[in-house]
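Novice: Just so it is clear, I am handing over work-v6.txt, which has compact mmCIF, C-alpha atoms.
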```txt
# COMPACT_ATOMS: atom_id res chain seq x y z
CA MET E 11 77.94 150.55 61.02
CA ASN E 12 74.35 149.45 61.24
CA ASN E 13 74.56 146.00 62.77
CA LYS E 14 70.84 145.39 62.48
CA ARG E 15 71.22 144.67 58.77
CA PRO E 16 69.55 141.41 57.79
CA VAL E 17 72.09 138.62 57.30
CA ASN E 18 71.31 135.45 55.40
CA LEU E 19 73.80 132.64 55.91
CA ASP E 20 71.32 129.85 55.25
CA ILE E 21 72.97 128.11 52.33
CA ALA E 22 69.77 126.26 51.46
CA THR E 23 68.03 129.51 50.51
CA ILE E 24 70.93 131.05 48.59
CA ASP E 25 70.84 130.72 44.81
CA LEU E 26 74.32 129.35 44.05
CA PRO E 27 76.27 130.98 41.21
CA ILE E 28 78.01 128.55 38.85
CA THR E 29 81.38 129.10 40.56
CA ALA E 30 79.90 128.10 43.92
CA LEU E 31 78.27 125.05 42.34
CA VAL E 32 81.64 123.92 40.97
CA SER E 33 83.15 124.42 44.42
CA ILE E 34 80.50 122.55 46.43
CA LEU E 35 80.53 119.66 43.95
CA HIS E 36 84.33 119.53 44.26
CA ARG E 37 83.84 119.07 48.01
CA VAL E 38 81.02 116.55 47.72
CA SER E 39 82.94 114.49 45.15
CA GLY E 40 86.03 114.60 47.38
CA VAL E 41 84.17 113.25 50.40
CA VAL E 42 82.46 110.55 48.30
CA LEU E 43 85.78 109.56 46.69
CA PHE E 44 87.37 109.05 50.09
CA GLY E 45 84.76 106.36 50.78
CA ALA E 46 85.08 105.01 47.24
CA VAL E 47 88.77 104.27 47.82
CA ALA E 48 87.61 101.30 49.93
CA VAL E 49 85.85 99.89 46.84
CA LEU E 50 88.85 100.59 44.62
CA LEU E 51 91.27 98.91 47.05
CA TRP E 52 88.92 95.93 47.32
CA MET E 53 88.93 95.71 43.51
CA LEU E 54 92.73 96.04 43.36
CA ASP E 55 93.04 93.27 45.95
CA ALA E 56 90.68 90.98 44.03
CA SER E 57 92.43 91.73 40.73
CA LEU E 58 95.87 90.84 42.07
CA THR E 59 95.34 87.99 44.55
CA SER E 60 95.20 85.22 41.97
CA GLU E 61 94.19 84.46 38.40
CA GLN E 62 90.94 83.00 39.74
CA SER E 63 90.05 86.10 41.77
CA PHE E 64 90.91 88.25 38.72
CA VAL E 65 88.43 86.30 36.61
CA ASP E 66 85.84 86.40 39.42
CA LEU E 67 86.18 90.19 39.63
CA LYS E 68 85.70 90.52 35.86
CA GLU E 69 82.59 88.37 36.22
CA CYS E 70 81.32 90.46 39.13
CA LEU E 71 81.81 93.69 37.13
CA GLN E 72 79.37 92.43 34.50
CA SER E 73 76.37 93.06 36.76
CA PRO E 74 74.45 96.32 36.12
CA VAL E 75 74.76 97.37 39.78
CA ALA E 76 78.54 96.92 39.75
CA LYS E 77 78.76 98.86 36.47
CA ALA E 78 76.67 101.69 37.93
CA VAL E 79 78.85 101.85 41.06
CA LEU E 80 82.04 101.83 38.98
CA TRP E 81 80.67 104.55 36.71
CA LEU E 82 79.70 106.70 39.72
CA ILE E 83 83.21 106.36 41.15
CA LEU E 84 84.80 107.22 37.78
CA ALA E 85 82.42 110.17 37.43
CA GLY E 86 83.43 111.49 40.85
CA LEU E 87 87.09 110.96 40.05
CA GLY E 88 86.78 112.68 36.67
CA TYR E 89 84.91 115.67 38.06
CA HIS E 90 87.17 116.07 41.10
CA THR E 91 90.29 115.91 38.91
CA VAL E 92 89.01 118.47 36.38
CA ALA E 93 87.88 120.85 39.14
CA GLY E 94 91.25 120.33 40.86
CA ILE E 95 93.16 121.18 37.68
CA ARG E 96 91.16 124.43 37.52
CA HIS E 97 92.42 125.16 41.04
CA LEU E 98 96.02 124.61 39.92
CA ILE E 99 95.50 126.88 36.91
CA MET E 100 94.00 129.56 39.17
CA ASP E 101 97.02 129.22 41.48
CA MET E 102 99.09 130.42 38.54
CA GLY E 103 96.97 133.56 38.45
CA VAL E 104 94.85 132.52 35.46
CA GLY E 105 91.07 132.81 35.61
CA GLU E 106 90.80 134.73 38.86
CA THR E 107 88.47 137.53 37.75
CA LEU E 108 84.69 137.22 38.03
CA GLU E 109 84.22 136.78 34.29
CA SER E 110 87.10 134.34 33.72
CA GLY E 111 86.16 132.51 36.93
CA ARG E 112 82.69 131.90 35.52
CA LEU E 113 84.19 130.81 32.22
CA GLY E 114 86.53 128.39 34.03
CA ALA E 115 83.56 126.96 35.92
CA LYS E 116 81.78 126.35 32.61
CA PHE E 117 84.91 124.62 31.29
CA VAL E 118 84.91 122.36 34.36
CA PHE E 119 81.32 121.30 33.71
CA GLY E 120 81.99 120.88 29.98
CA PHE E 121 85.17 118.83 30.31
CA SER E 122 83.90 116.66 33.13
CA PHE E 123 80.62 116.04 31.27
CA VAL E 124 82.60 114.68 28.32
CA LEU E 125 84.86 112.58 30.59
CA ILE E 126 81.89 111.16 32.51
CA ALA E 127 80.11 110.30 29.26
CA LEU E 128 83.25 108.56 27.92
CA ALA E 129 83.63 106.66 31.20
CA GLY E 130 80.02 105.52 30.84
CA VAL E 131 80.69 104.28 27.31
CA TRP E 132 83.80 102.42 28.55
CA VAL E 133 81.97 100.81 31.47
CA TRP E 134 79.03 99.61 29.35
CA MET D 30 95.99 130.11 65.35
CA GLY D 31 93.48 128.40 67.69
CA MET D 32 94.10 125.15 69.53
CA VAL D 33 91.88 123.02 67.28
CA THR D 34 93.46 124.45 64.17
CA ALA D 35 96.90 123.62 65.53
CA VAL D 36 95.83 120.11 66.49
CA THR D 37 94.17 119.15 63.23
CA SER D 38 96.20 120.99 60.62
CA PHE D 39 98.31 118.54 58.65
CA GLY D 40 101.41 120.45 57.64
CA ARG D 41 101.47 122.59 60.84
CA SER D 42 100.65 125.73 58.85
CA GLY D 43 98.22 126.81 56.16
CA LEU D 44 101.08 127.35 53.73
CA TYR D 45 102.32 123.77 54.10
CA ASP D 46 98.77 122.43 53.87
CA TRP D 47 98.29 124.42 50.67
CA LEU D 48 101.52 123.04 49.19
CA ILE D 49 100.93 119.42 50.31
CA GLN D 50 97.40 119.56 48.87
CA ARG D 51 98.78 120.52 45.47
CA VAL D 52 101.80 118.21 45.34
CA SER D 53 99.64 115.24 46.40
CA ALA D 54 97.02 116.20 43.80
CA VAL D 55 99.61 116.19 41.01
CA ILE D 56 100.96 112.76 42.11
CA MET D 57 97.45 111.25 42.20
CA ALA D 58 96.48 112.83 38.87
CA ALA D 59 99.64 111.40 37.26
CA TYR D 60 98.78 107.96 38.68
CA VAL D 61 95.20 108.09 37.42
CA ILE D 62 96.30 109.25 33.96
CA PHE D 63 98.98 106.54 33.79
CA LEU D 64 96.60 103.74 34.85
CA THR D 65 93.87 104.98 32.49
CA GLY D 66 96.40 104.99 29.65
CA PHE D 67 97.58 101.49 30.52
CA ILE D 68 94.04 100.09 30.70
CA LEU D 69 92.83 101.82 27.51
CA SER D 70 95.94 100.82 25.53
CA THR D 71 95.53 97.15 26.48
CA PRO D 72 92.94 95.56 24.18
CA GLU D 73 92.37 92.45 26.31
CA MET D 74 93.43 92.76 29.94
CA THR D 75 94.72 89.50 31.40
CA TYR D 76 95.83 88.60 34.89
CA GLN D 77 99.37 88.16 33.58
CA LEU D 78 99.62 91.69 32.12
CA TRP D 79 97.91 93.25 35.14
CA SER D 80 99.98 91.49 37.82
CA ASP D 81 103.20 92.05 35.84
CA LEU D 82 102.51 95.78 35.95
CA PHE D 83 101.92 95.84 39.71
CA SER D 84 104.80 93.55 40.67
CA GLY D 85 107.41 95.96 39.29
CA THR D 86 109.35 98.01 41.85
CA ALA D 87 108.65 101.32 40.10
CA MET D 88 104.91 100.64 40.10
CA ARG D 89 105.00 99.66 43.77
CA VAL D 90 106.74 102.92 44.65
CA PHE D 91 104.37 104.94 42.43
CA SER D 92 101.33 103.22 44.00
CA PHE D 93 102.67 103.73 47.51
CA LEU D 94 103.34 107.42 46.84
CA THR D 95 99.79 107.75 45.54
CA LEU D 96 98.39 106.10 48.68
CA VAL D 97 100.36 108.41 50.97
CA SER D 98 99.30 111.39 48.84
CA LEU D 99 95.70 110.24 49.15
CA ALA D 100 95.91 110.08 52.94
CA ALA D 101 97.44 113.58 53.23
CA HIS D 102 95.12 115.05 50.57
CA ALA D 103 92.00 113.59 52.20
CA TRP D 104 93.07 114.77 55.66
CA ILE D 105 93.53 118.37 54.48
CA GLY D 106 90.39 118.29 52.31
CA MET D 107 88.23 116.87 55.10
CA TRP D 108 89.68 119.41 57.51
CA SER D 109 88.57 122.20 55.17
CA VAL D 110 85.10 120.73 54.86
CA LEU D 111 84.65 119.92 58.57
CA THR D 112 85.87 123.33 59.80
CA ASP D 113 83.39 124.97 57.40
CA TYR D 114 80.28 122.97 58.26
CA ILE D 115 80.77 121.52 61.75
CA THR D 116 81.00 124.89 63.43
CA GLY D 117 79.98 126.50 66.69
CA ARG D 118 77.62 128.78 64.77
CA LEU D 119 75.72 125.79 63.42
CA MET D 120 75.97 123.34 66.33
CA GLY D 121 77.06 125.22 69.42
CA PRO D 122 79.75 123.94 71.78
CA LYS D 123 79.27 120.33 70.61
CA ALA D 124 80.88 121.25 67.30
CA MET D 125 84.47 120.97 68.50
CA PRO D 126 84.31 117.39 69.89
CA ILE D 127 82.21 116.23 66.92
CA ARG D 128 84.65 117.74 64.44
CA LEU D 129 87.64 116.27 66.26
CA PHE D 130 85.97 112.84 66.34
CA LEU D 131 85.19 112.94 62.60
CA GLN D 132 88.69 114.15 61.73
CA VAL D 133 90.37 111.47 63.81
CA SER D 134 88.01 108.78 62.41
CA MET D 135 88.78 109.67 58.81
CA GLY D 136 92.47 109.87 59.69
CA LEU D 137 92.28 106.31 61.03
CA GLY D 138 90.49 105.29 57.82
CA ALA D 139 93.28 106.87 55.77
CA VAL D 140 95.94 104.98 57.74
CA ILE D 141 94.01 101.74 57.18
CA TYR D 142 93.90 102.49 53.43
CA VAL D 143 97.68 102.92 53.34
CA ILE D 144 98.34 99.69 55.30
CA TRP D 145 95.80 97.76 53.22
CA GLY D 146 97.33 99.10 50.00
CA VAL D 147 100.85 98.14 51.10
CA ALA D 148 99.62 94.63 51.95
CA ILE D 149 98.06 94.31 48.48
CA LEU D 150 101.04 95.75 46.60
CA TRP D 151 103.70 93.73 48.39
CA GLY D 152 101.59 90.58 48.21
CA VAL D 153 101.73 90.46 44.41
CA ASN D 154 104.06 87.85 42.98
```
What would you get if you wrote out this structure as structure tokens?

Specialist:
Amino acid sequence: MNNKRPVNLDIATIDLPITALVSILHRVSGVVLFGAVAVLLWMLDASLTSEQSFVDLKECLQSPVAKAVLWLILAGLGYHTVAGIRHLIMDMGVGETLESGRLGAKFVFGFSFVLIALAGVWVW
Amino acid sequence: MGMVTAVTSFGRSGLYDWLIQRVSAVIMAAYVIFLTGFILSTPEMTYQLWSDLFSGTAMRVFSFLTLVSLAAHAWIGMWSVLTDYITGRLMGPKAMPIRLFLQVSMGLGAVIYVIWGVAILWGVN
């Protein structure tokens, strides 16, 4: 084997196929969601501590910044869940070929786009 | 299996990690779908309705299971990400201690999430 072949492992210069894009976004959304759980737990705490804190939280969620943060979290959650369901479907042996893998990746973007749009409508 | 792999793997083998990742995902997905359904089917959410939901034993157990699933799921997911990007090829010999530090830090964070969640859930009247 010729081991002087050029090797490019620099991910920044590789043009990602759609399947790789779905995968890297699944990872990014997962890492972001782990941090977002702190916000969600804070919200759960505020919503359950007392009637007053429940009302205060509702008030707080009226601000555009809070709405944007909530929408971002819901977007990450929606995307991560849809991409995760694709994983479960692929575990069953469905969508494992190159063609069907690409199709599944398009479904992930399609479904999560709709979910994220709906979440935006709900938040605003 | 290398030392680091053995130290940081969650279920002690790749097969268990694979299974735990999927079981925890299904539990969390069920929780998210249930809560979304509850919120969307309630026209005007009040403190009474919301706290009644979370004070039930079944909901406490479901929430607790979701928290534990989250901790395990995040541990395995972060392990996958860290072992892919914090590598000797990219960072040299520093990679191992950095990766171990990040894994242990997020593990601590996950434990704090679980304890915090339990305090919230069992504090509801």

Novice: Let me make sure I understand: among D:Ala103, D:Ser84, D:Lys123, D:Phe91, which one has the smallest atom-to-atom distance to D:Ile149 if we use all atoms listed in the file?

Specialist: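 Smallest distance to D:Ile149 is found for D:Ser84.
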
Novice: Counting all atoms listed in the file, which residue out of D:His102, D:Trp79, D:Leu64, D:Arg128 sits closest to D:Thr116?

Specialist: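 Looking only at the distances to D:Thr116, the closest residue turns out to be D:Arg128.
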
Novice: I need the contact residues of chain E against chain D, so if you could list those with any atom within 6 Å, counting only C-alpha atoms, and return them as a ChimeraX atom specification, that would help.

Specialist: /E:55,58,61

Novice: Using only C-alpha atoms, find the one residue out of D:Leu111, D:Leu129, D:Ala101, D:Leu137 that sits nearest to D:Gly40.

Specialist: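 Closest to D:Gly40 of all the choices is D:Ala101.
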
Novice: Around the point (84.0, 117.2, 47.3), in the coordinates given by the file, pick out the residues reaching within 10 Å, counting all atoms listed in the file, and return them as a list in words.

Specialist: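 Within the cut-off we find Val32, Ser33, Ile34, Leu35, His36, Arg37, Val38, Ser39, Gly40, Val41, Val42, Leu43, Phe44, Gly86, Tyr89, His90 and Ala93 of chain E; Gly106, Met107 and Val110 of chain D.
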
Novice: If we count only C-alpha atoms and set the cut-off at 12 Å, which residues sit around E:Gly88, ignoring sequence neighbours fewer than 5 positions away in its own chain? Please answer as an mmCIF file with C-alpha atoms, in the coordinates of the input.

Specialist:
```
data_model
loop_
_atom_site.group_PDB
_atom_site.id
_atom_site.type_symbol
_atom_site.label_atom_id
_atom_site.label_comp_id
_atom_site.auth_asym_id
_atom_site.auth_seq_id
_atom_site.Cartn_x
_atom_site.Cartn_y
_atom_site.Cartn_z
ATOM 1 C CA LEU E 35 80.530 119.660 43.950
ATOM 2 C CA HIS E 36 84.330 119.530 44.260
ATOM 3 C CA SER E 39 82.940 114.490 45.150
ATOM 4 C CA GLY E 40 86.030 114.600 47.380
ATOM 5 C CA LEU E 43 85.780 109.560 46.690
ATOM 6 C CA TRP E 81 80.670 104.550 36.710
ATOM 7 C CA LEU E 82 79.700 106.700 39.720
ATOM 8 C CA ILE E 83 83.210 106.360 41.150
ATOM 9 C CA ALA E 93 87.880 120.850 39.140
ATOM 10 C CA GLY E 94 91.250 120.330 40.860
ATOM 11 C CA ILE E 95 93.160 121.180 37.680
ATOM 12 C CA VAL E 118 84.910 122.360 34.360
ATOM 13 C CA PHE E 119 81.320 121.300 33.710
ATOM 14 C CA GLY E 120 81.990 120.880 29.980
ATOM 15 C CA PHE E 121 85.170 118.830 30.310
ATOM 16 C CA SER E 122 83.900 116.660 33.130
ATOM 17 C CA PHE E 123 80.620 116.040 31.270
ATOM 18 C CA VAL E 124 82.600 114.680 28.320
ATOM 19 C CA LEU E 125 84.860 112.580 30.590
ATOM 20 C CA ILE E 126 81.890 111.160 32.510
ATOM 21 C CA ALA E 127 80.110 110.300 29.260
ATOM 22 C CA LEU E 128 83.250 108.560 27.920
ATOM 23 C CA ALA E 129 83.630 106.660 31.200
ATOM 24 C CA GLY E 130 80.020 105.520 30.840
ATOM 25 C CA ALA D 58 96.480 112.830 38.870
ATOM 26 C CA VAL D 61 95.200 108.090 37.420
ATOM 27 C CA ILE D 62 96.300 109.250 33.960
ATOM 28 C CA THR D 65 93.870 104.980 32.490
#
```

Novice: Rounded to one decimal place, report the atom CA of E:Gly114-atom CA of D:Asp113 distance in Å.

Specialist: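 Atom-to-atom, atom CA of E:Gly114 to atom CA of D:Asp113, that is 23.8 Å.
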
Novice: Hey, can you check how far atom CA of D:Val147 sits from atom CA of D:Phe93?

Specialist: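 Between these atoms lies a distance of 6.9 Å.
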
Novice: How far is it from atom CA of E:Ile24 to atom CA of E:Val92, in Å with one decimal?

Specialist: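 Pair atom CA of E:Ile24 / atom CA of E:Val92 returns 25.2 Å.
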